[in-house]
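Below is run.cif, holding mmCIF, C-alpha atoms.
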data_coords
loop_
_atom_site.label_atom_id
_atom_site.label_comp_id
_atom_site.auth_asym_id
_atom_site.auth_seq_id
_atom_site.Cartn_x
_atom_site.Cartn_y
_atom_site.Cartn_z
CA MET S 1227 -89.47 176.93 -36.71
CA THR S 1228 -92.16 178.04 -39.15
CA SER S 1229 -91.59 177.80 -42.89
CA ILE S 1230 -91.38 181.60 -43.14
CA ALA S 1231 -88.82 181.81 -40.32
CA SER S 1232 -86.87 178.93 -41.84
CA ARG S 1233 -86.65 180.65 -45.22
CA ALA S 1234 -85.62 183.91 -43.56
CA ALA S 1235 -82.88 182.17 -41.58
CA THR S 1236 -81.36 180.45 -44.61
CA ALA S 1237 -81.84 183.20 -47.19
CA SER S 1238 -78.74 184.90 -48.51
CA PRO S 1239 -78.76 188.67 -49.12
CA THR S 1240 -78.69 188.51 -52.93
CA ARG S 1241 -79.92 192.09 -53.24
CA PRO S 1242 -79.95 195.13 -50.92
CA TRP S 1243 -82.97 196.00 -48.85
CA PRO S 1244 -84.80 199.03 -50.29
CA ALA S 1245 -84.65 200.92 -46.98
CA GLU S 1246 -80.84 200.73 -46.85
CA ARG S 1247 -80.73 203.88 -48.94
CA VAL S 1248 -83.13 206.81 -48.79
CA GLU S 1249 -83.05 209.25 -51.70
CA GLN S 1250 -84.67 212.66 -52.21
CA TRP S 1251 -86.80 212.94 -55.33
CA PRO S 1252 -88.97 215.76 -56.70
CA ILE S 1253 -92.64 214.84 -56.78
CA GLU S 1254 -92.72 215.26 -60.56
CA ARG S 1255 -90.38 212.30 -60.93
CA LEU S 1256 -92.85 209.90 -59.25
CA ILE S 1257 -95.25 207.97 -61.48
CA PRO S 1258 -98.56 206.68 -60.04
CA TYR S 1259 -99.28 203.02 -60.76
CA ALA S 1260 -102.15 203.06 -63.27
CA ASP S 1261 -103.88 199.94 -61.90
CA ASN S 1262 -103.54 200.72 -58.20
CA PRO S 1263 -106.55 199.05 -56.51
CA ARG S 1264 -106.17 201.00 -53.27
CA LEU S 1265 -108.52 203.98 -53.23
CA HIS S 1266 -108.15 207.20 -51.27
CA SER S 1267 -111.11 209.52 -50.83
CA ALA S 1268 -110.70 213.28 -50.76
CA ALA S 1269 -111.19 213.12 -46.98
CA ASP S 1270 -108.41 210.52 -46.70
CA VAL S 1271 -106.00 212.71 -48.65
CA GLU S 1272 -106.88 215.71 -46.48
CA ARG S 1273 -106.12 213.72 -43.32
CA ILE S 1274 -102.76 212.59 -44.71
CA ALA S 1275 -101.97 216.17 -45.73
CA ALA S 1276 -102.78 217.40 -42.23
CA SER S 1277 -100.50 214.71 -40.81
CA ILE S 1278 -97.64 215.83 -43.07
CA LEU S 1279 -98.11 219.43 -41.96
CA LYS S 1280 -98.00 218.37 -38.31
CA TRP S 1281 -95.19 215.79 -38.28
CA GLY S 1282 -93.43 216.26 -41.58
CA TRP S 1283 -92.55 213.36 -43.90
CA THR S 1284 -91.95 210.31 -41.69
CA ASN S 1285 -92.29 207.39 -44.12
CA PRO S 1286 -90.49 207.31 -47.49
CA VAL S 1287 -92.47 206.19 -50.53
CA LEU S 1288 -91.40 203.04 -52.34
CA VAL S 1289 -90.81 203.09 -56.10
CA ASP S 1290 -89.30 200.81 -58.71
CA GLU S 1291 -86.24 201.72 -60.77
CA GLN S 1292 -88.38 203.62 -63.30
CA GLY S 1293 -90.03 205.73 -60.58
CA VAL S 1294 -93.40 203.94 -60.63
CA LEU S 1295 -94.97 203.96 -57.18
CA ILE S 1296 -95.19 200.69 -55.28
CA ALA S 1297 -96.26 202.13 -51.91
CA GLY S 1298 -97.17 205.67 -50.96
CA HIS S 1299 -99.86 206.79 -53.40
CA GLY S 1300 -101.84 208.50 -50.64
CA ARG S 1301 -98.81 210.40 -49.35
CA VAL S 1302 -97.88 211.59 -52.84
CA ALA S 1303 -101.46 212.73 -53.47
CA ALA S 1304 -101.39 214.62 -50.17
CA ALA S 1305 -98.06 216.23 -51.10
CA ALA S 1306 -99.52 217.35 -54.42
CA LYS S 1307 -102.55 218.79 -52.62
CA LEU S 1308 -100.23 220.75 -50.32
CA GLY S 1309 -98.28 221.99 -53.32
CA LEU S 1310 -94.96 220.79 -51.91
CA THR S 1311 -92.03 221.82 -54.07
CA ILE S 1312 -89.26 220.30 -51.97
CA PRO S 1313 -87.97 216.77 -52.70
CA ILE S 1314 -89.54 213.95 -50.68
CA PRO S 1315 -87.91 210.80 -49.22
CA VAL S 1316 -87.93 207.82 -51.60
CA ILE S 1317 -86.59 204.29 -51.40
CA VAL S 1318 -86.05 202.28 -54.57
CA ALA S 1319 -86.82 198.59 -54.95
CA GLN S 1320 -83.81 197.35 -56.94
CA GLY S 1321 -84.14 194.20 -59.00
CA TRP S 1322 -87.76 193.39 -58.15
CA SER S 1323 -89.73 191.41 -60.70
CA GLU S 1324 -93.04 192.73 -61.98
CA GLU S 1325 -94.84 190.06 -59.96
CA GLU S 1326 -93.01 191.08 -56.76
CA LYS S 1327 -93.91 194.73 -57.27
CA GLN S 1328 -97.52 193.87 -58.08
CA ALA S 1329 -97.83 191.63 -55.03
CA TYR S 1330 -96.20 194.13 -52.65
CA ARG S 1331 -98.66 196.86 -53.64
CA LEU S 1332 -101.36 194.62 -52.21
CA ALA S 1333 -99.37 193.29 -49.26
CA ASP S 1334 -98.29 196.75 -48.08
CA ASN S 1335 -101.92 197.68 -47.49
CA GLU S 1336 -103.38 194.34 -46.44
CA LEU S 1337 -100.70 193.37 -43.91
CA ALA S 1338 -101.04 196.72 -42.14
CA ALA S 1339 -104.84 196.40 -42.10
CA ARG S 1340 -104.66 193.05 -40.31
CA GLY S 1341 -103.64 194.64 -37.03
CA SER S 1342 -106.23 195.43 -34.37
CA TRP S 1343 -106.58 197.77 -31.40
CA ASP S 1344 -106.67 196.97 -27.71
CA PRO S 1345 -109.90 198.90 -26.99
CA ASP S 1346 -109.06 199.84 -23.40
CA LEU S 1347 -105.51 200.99 -24.15
CA LEU S 1348 -106.66 202.87 -27.25
CA ARG S 1349 -109.36 204.67 -25.30
CA SER S 1350 -106.86 205.51 -22.54
CA GLU S 1351 -104.34 206.94 -25.02
CA LEU S 1352 -106.99 209.03 -26.75
CA HIS S 1353 -108.34 210.30 -23.42
CA ASP S 1354 -104.82 211.39 -22.43
CA LEU S 1355 -104.36 213.24 -25.72
CA LYS S 1356 -107.79 214.86 -25.48
CA PHE S 1357 -107.07 215.99 -21.91
CA SER S 1358 -103.78 217.54 -23.04
CA GLY S 1359 -105.62 219.50 -25.73
CA PHE S 1360 -104.14 217.64 -28.70
CA ASP S 1361 -106.13 217.82 -31.95
CA LEU S 1362 -107.50 214.28 -32.25
CA ASP S 1363 -108.58 214.88 -35.86
CA LEU S 1364 -104.91 214.59 -36.83
CA ILE S 1365 -104.82 210.91 -35.82
CA GLY S 1366 -107.13 209.86 -38.64
CA PHE S 1367 -110.21 208.40 -36.97
CA ALA S 1368 -113.54 209.47 -38.44
CA PRO S 1369 -115.44 211.74 -36.00
CA ASP S 1370 -118.21 209.22 -35.29
CA ARG S 1371 -115.69 206.41 -34.74
CA LEU S 1372 -113.66 208.64 -32.43
CA GLU S 1373 -116.78 209.41 -30.41
CA GLU S 1374 -117.56 205.69 -30.11
CA ILE S 1375 -114.06 204.88 -28.88
CA LEU S 1376 -114.00 207.66 -26.30
CA GLY S 1377 -117.46 206.62 -25.12
CA GLY S 1378 -116.45 203.00 -24.77
CA LEU S 1379 -118.70 201.76 -27.59
CA GLY S 1380 -117.93 199.55 -30.57
CA SER S 1381 -114.90 197.93 -28.97
CA SER S 1382 -115.22 194.92 -26.72
CA GLY S 1383 -119.00 194.68 -26.97
CA LEU S 1384 -119.35 195.34 -23.24
CA SER S 1385 -121.28 198.21 -21.76
CA ASP S 1386 -119.56 200.97 -19.88
CA PRO S 1387 -119.67 199.92 -16.19
CA ASP S 1388 -120.24 203.54 -15.19
CA GLY S 1389 -123.37 203.61 -17.35
CA ILE S 1390 -125.10 200.67 -15.63
CA PRO S 1391 -127.43 201.75 -12.81
CA ASP S 1392 -126.94 200.00 -9.48
CA VAL S 1393 -129.70 197.80 -8.09
CA PRO S 1394 -131.02 199.57 -4.97
CA ASP S 1395 -130.32 197.85 -1.65
CA GLN S 1396 -133.91 198.35 -0.58
CA PRO S 1397 -136.20 198.19 -3.64
CA ILE S 1398 -139.42 200.14 -3.36
CA PRO S 1399 -142.26 197.61 -3.60
CA GLY S 1400 -145.23 198.33 -5.83
CA PRO S 1401 -148.84 197.47 -5.04
CA ALA S 1402 -149.18 193.87 -3.83
CA THR S 1403 -145.65 192.89 -5.02
CA SER S 1404 -143.67 193.36 -1.82
CA GLY S 1405 -140.69 191.00 -1.68
CA CYS S 1406 -140.93 189.82 -5.30
CA TRP S 1407 -138.64 192.40 -6.96
CA GLU S 1408 -135.85 191.91 -4.42
CA THR S 1409 -135.86 188.18 -5.13
CA ILE S 1410 -135.93 188.70 -8.93
CA ALA S 1411 -133.10 191.27 -8.82
CA SER S 1412 -130.79 188.74 -7.15
CA ALA S 1413 -131.59 185.88 -9.55
CA ALA S 1414 -128.91 184.85 -12.05
CA VAL S 1415 -130.64 182.51 -14.52
CA THR S 1416 -133.77 182.56 -16.65
CA ALA S 1417 -135.62 179.55 -15.23
CA PRO S 1418 -135.72 180.82 -11.63
CA LEU S 1419 -136.90 184.16 -12.98
CA ARG S 1420 -139.88 182.51 -14.66
CA ARG S 1421 -140.74 180.53 -11.52
CA MET S 1422 -140.49 183.61 -9.28
CA SER S 1423 -142.55 185.69 -11.69
CA SER S 1424 -145.25 183.00 -11.63
CA ARG S 1425 -145.19 182.88 -7.82
CA CYS S 1426 -145.48 186.67 -7.63
CA SER S 1427 -148.56 186.53 -9.84
CA ARG S 1428 -150.19 183.87 -7.65
CA ASP S 1429 -149.39 185.78 -4.45
CA ARG S 1430 -150.75 189.07 -5.80
CA SER S 1431 -153.71 190.37 -3.75
CA PRO S 1432 -156.77 191.43 -5.70
CA ILE S 1433 -157.14 195.18 -6.19
#

Translate this file's structure into structure tokens.
Amino acid sequence: MTSIASRAATASPTRPWPAERVEQWPIERLIPYADNPRLHSAADVERIAASILKWGWTNPVLVDEQGVLIAGHGRVAAAAKLGLTIPIPVIVAQGWSEEEKQAYRLADNELAARGSWDPDLLRSELHDLKFSGFDLDLIGFAPDRLEEILGGLGSSGLSDPDGIPDVPDQPIPGPATSGCWETIASAAVTAPLRRMSSRCSRDRSPI
């Protein structure tokens, strides 16, 4: 058992989990953390706002007992941009030390960023959504990145098999090179290629 799993197995619930209770707070009650190192561009906030309009509020923000944000700055900024006047879901971290709150602000972003995509499954899911007519801009990928994923680029580093031309079964020989290209096309390593290229040069008939 890892040290983390061991601590989790022996820990006693000395305080409630924040998500055990979801409250509804007006946006005006929420206080942004002044030293938040996580930045959101205007485009980021617009994407989050579009997501809220499509799916509603799916993830409560996390605050301390004074209402200072621990997680959810982007969502609150998007709510303000939309001019929401209804209360939003909030969970309160009860009894956290200042160090725990400070550390979780970083961990909440960094731990989520450590995940990765399976390129083939991601492309398949996006293709299905595109075929159904779903607005892919709502998912959050930048347009150029979305184009790369759908085109099979920037993922596994491999070329799209459909984009590789087949070697013809009967290559058309050029002047005085009959037989050389068919041999070179079937070679698999560099050294034989150099030897065959040299032999082709020696066998070439003068023009």

So that all listed atoms of stretch 1365-1368 of chain S fit with 5 Å spare on each side, what axis-aligned box centre and edge lengths in Å, to one decimal, would you give as JSON?
{"center_x": -109.2, "center_y": 209.7, "center_z": -37.2, "size_x": 18.7, "size_y": 12.5, "size_z": 12.8}

>> What's the separation between atom CA of S:His1353 and atom CA of S:Arg1371, in Å to one decimal place?
In response: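 We find that atom CA of S:His1353 and atom CA of S:Arg1371 lie 14.0 Å from each other.
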
>> So that I can see what lies close to S:Gln1292, please list as an MDAnalysis selection string the residues with an atom at most 12 Å from it, counting all atoms listed in the file and leaving out residues fewer than 2 positions away in the same chain.
In response: chainID S and resid 1255:1259 1288:1290 1294:1296 1318:1322 1324

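Note that the spacing between atom CA of S:Leu1364 and atom CA of S:Ile1278 amounts to 9.7 Å.
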
>> Assuming the chain letters and numbering stay as they are in my file, what does the PyMOL selection byres ((chain S and resi 1348) around 12) actually select? List them as a count of residues only.
In response: 23

Export N, CA and C atoms of stretch 1320-1357 of chain S from the structure just given, as an mmCIF file, in the first residue's frame?
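What follows is the written file selection-v2.cif:
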data_model
loop_
_atom_site.group_PDB
_atom_site.id
_atom_site.type_symbol
_atom_site.label_atom_id
_atom_site.label_comp_id
_atom_site.auth_asym_id
_atom_site.auth_seq_id
_atom_site.Cartn_x
_atom_site.Cartn_y
_atom_site.Cartn_z
ATOM 1 N N GLN S 1320 -14.659 23.966 5.749
ATOM 2 C CA GLN S 1320 -14.741 24.274 7.177
ATOM 3 C C GLN S 1320 -13.452 23.847 7.891
ATOM 4 N N GLY S 1321 -12.866 24.753 8.632
ATOM 5 C CA GLY S 1321 -11.730 24.413 9.468
ATOM 6 C C GLY S 1321 -10.408 24.255 8.762
ATOM 7 N N TRP S 1322 -10.309 24.709 7.500
ATOM 8 C CA TRP S 1322 -9.037 24.610 6.782
ATOM 9 C C TRP S 1322 -8.080 25.688 7.267
ATOM 10 N N SER S 1323 -6.809 25.315 7.371
ATOM 11 C CA SER S 1323 -5.791 26.305 7.722
ATOM 12 C C SER S 1323 -5.482 27.162 6.496
ATOM 13 N N GLU S 1324 -4.825 28.287 6.724
ATOM 14 C CA GLU S 1324 -4.456 29.151 5.603
ATOM 15 C C GLU S 1324 -3.535 28.426 4.627
ATOM 16 N N GLU S 1325 -2.645 27.579 5.156
ATOM 17 C CA GLU S 1325 -1.741 26.831 4.288
ATOM 18 C C GLU S 1325 -2.504 25.813 3.439
ATOM 19 N N GLU S 1326 -3.508 25.166 4.034
ATOM 20 C CA GLU S 1326 -4.308 24.197 3.274
ATOM 21 C C GLU S 1326 -5.085 24.885 2.163
ATOM 22 N N LYS S 1327 -5.654 26.023 2.453
ATOM 23 C CA LYS S 1327 -6.393 26.758 1.418
ATOM 24 C C LYS S 1327 -5.458 27.230 0.314
ATOM 25 N N GLN S 1328 -4.298 27.753 0.707
ATOM 26 C CA GLN S 1328 -3.327 28.239 -0.271
ATOM 27 C C GLN S 1328 -2.847 27.096 -1.163
ATOM 28 N N ALA S 1329 -2.575 25.953 -0.552
ATOM 29 C CA ALA S 1329 -2.082 24.809 -1.322
ATOM 30 C C ALA S 1329 -3.155 24.254 -2.251
ATOM 31 N N TYR S 1330 -4.423 24.212 -1.773
ATOM 32 C CA TYR S 1330 -5.466 23.629 -2.615
ATOM 33 C C TYR S 1330 -5.770 24.495 -3.834
ATOM 34 N N ARG S 1331 -5.599 25.788 -3.725
ATOM 35 C CA ARG S 1331 -5.787 26.654 -4.898
ATOM 36 C C ARG S 1331 -4.852 26.232 -6.028
ATOM 37 N N LEU S 1332 -3.659 25.815 -5.665
ATOM 38 C CA LEU S 1332 -2.707 25.350 -6.676
ATOM 39 C C LEU S 1332 -3.029 23.919 -7.108
ATOM 40 N N ALA S 1333 -3.313 23.052 -6.131
ATOM 41 C CA ALA S 1333 -3.558 21.650 -6.443
ATOM 42 C C ALA S 1333 -4.797 21.460 -7.301
ATOM 43 N N ASP S 1334 -5.842 22.240 -7.066
ATOM 44 C CA ASP S 1334 -7.085 22.094 -7.822
ATOM 45 C C ASP S 1334 -6.851 22.259 -9.314
ATOM 46 N N ASN S 1335 -5.953 23.163 -9.684
ATOM 47 C CA ASN S 1335 -5.645 23.381 -11.095
ATOM 48 C C ASN S 1335 -4.599 22.402 -11.614
ATOM 49 N N GLU S 1336 -3.539 22.188 -10.838
ATOM 50 C CA GLU S 1336 -2.430 21.374 -11.328
ATOM 51 C C GLU S 1336 -2.793 19.895 -11.434
ATOM 52 N N LEU S 1337 -3.529 19.371 -10.470
ATOM 53 C CA LEU S 1337 -3.895 17.958 -10.525
ATOM 54 C C LEU S 1337 -4.787 17.662 -11.726
ATOM 55 N N ALA S 1338 -5.704 18.577 -12.025
ATOM 56 C CA ALA S 1338 -6.574 18.381 -13.193
ATOM 57 C C ALA S 1338 -5.780 18.476 -14.492
ATOM 58 N N ALA S 1339 -4.765 19.339 -14.513
ATOM 59 C CA ALA S 1339 -3.973 19.525 -15.728
ATOM 60 C C ALA S 1339 -3.058 18.350 -16.021
ATOM 61 N N ARG S 1340 -2.837 17.466 -15.050
ATOM 62 C CA ARG S 1340 -1.927 16.349 -15.240
ATOM 63 C C ARG S 1340 -2.537 15.227 -16.063
ATOM 64 N N GLY S 1341 -3.820 15.243 -16.279
ATOM 65 C CA GLY S 1341 -4.444 14.220 -17.109
ATOM 66 C C GLY S 1341 -4.078 14.410 -18.575
ATOM 67 N N SER S 1342 -4.269 13.373 -19.358
ATOM 68 C CA SER S 1342 -3.976 13.437 -20.792
ATOM 69 C C SER S 1342 -5.115 12.778 -21.560
ATOM 70 N N TRP S 1343 -5.094 12.951 -22.874
ATOM 71 C CA TRP S 1343 -6.132 12.407 -23.737
ATOM 72 C C TRP S 1343 -5.625 11.174 -24.472
ATOM 73 N N ASP S 1344 -6.498 10.197 -24.655
ATOM 74 C CA ASP S 1344 -6.234 9.133 -25.614
ATOM 75 C C ASP S 1344 -6.565 9.720 -26.985
ATOM 76 N N PRO S 1345 -5.579 9.934 -27.859
ATOM 77 C CA PRO S 1345 -5.828 10.681 -29.097
ATOM 78 C C PRO S 1345 -6.867 10.029 -30.002
ATOM 79 N N ASP S 1346 -6.849 8.705 -30.096
ATOM 80 C CA ASP S 1346 -7.794 8.040 -30.989
ATOM 81 C C ASP S 1346 -9.226 8.114 -30.439
ATOM 82 N N LEU S 1347 -9.378 7.888 -29.136
ATOM 83 C CA LEU S 1347 -10.717 7.964 -28.554
ATOM 84 C C LEU S 1347 -11.249 9.389 -28.561
ATOM 85 N N LEU S 1348 -10.363 10.359 -28.307
ATOM 86 C CA LEU S 1348 -10.784 11.762 -28.340
ATOM 87 C C LEU S 1348 -11.256 12.142 -29.731
ATOM 88 N N ARG S 1349 -10.480 11.770 -30.739
ATOM 89 C CA ARG S 1349 -10.864 12.090 -32.113
ATOM 90 C C ARG S 1349 -12.190 11.429 -32.478
ATOM 91 N N SER S 1350 -12.377 10.174 -32.026
ATOM 92 C CA SER S 1350 -13.620 9.465 -32.319
ATOM 93 C C SER S 1350 -14.821 10.157 -31.672
ATOM 94 N N GLU S 1351 -14.667 10.570 -30.410
ATOM 95 C CA GLU S 1351 -15.759 11.249 -29.720
ATOM 96 C C GLU S 1351 -16.111 12.567 -30.409
ATOM 97 N N LEU S 1352 -15.080 13.322 -30.782
ATOM 98 C CA LEU S 1352 -15.326 14.604 -31.441
ATOM 99 C C LEU S 1352 -15.956 14.416 -32.820
ATOM 100 N N HIS S 1353 -15.516 13.391 -33.540
ATOM 101 C CA HIS S 1353 -16.122 13.107 -34.846
ATOM 102 C C HIS S 1353 -17.608 12.774 -34.680
ATOM 103 N N ASP S 1354 -17.939 11.983 -33.654
ATOM 104 C CA ASP S 1354 -19.348 11.642 -33.420
ATOM 105 C C ASP S 1354 -20.166 12.902 -33.144
ATOM 106 N N LEU S 1355 -19.626 13.779 -32.295
ATOM 107 C CA LEU S 1355 -20.346 15.005 -31.960
ATOM 108 C C LEU S 1355 -20.492 15.915 -33.171
ATOM 109 N N LYS S 1356 -19.428 16.005 -33.966
ATOM 110 C CA LYS S 1356 -19.488 16.840 -35.172
ATOM 111 C C LYS S 1356 -20.528 16.297 -36.144
ATOM 112 N N PHE S 1357 -20.564 14.969 -36.307
ATOM 113 C CA PHE S 1357 -21.522 14.349 -37.215
ATOM 114 C C PHE S 1357 -22.961 14.600 -36.763
#
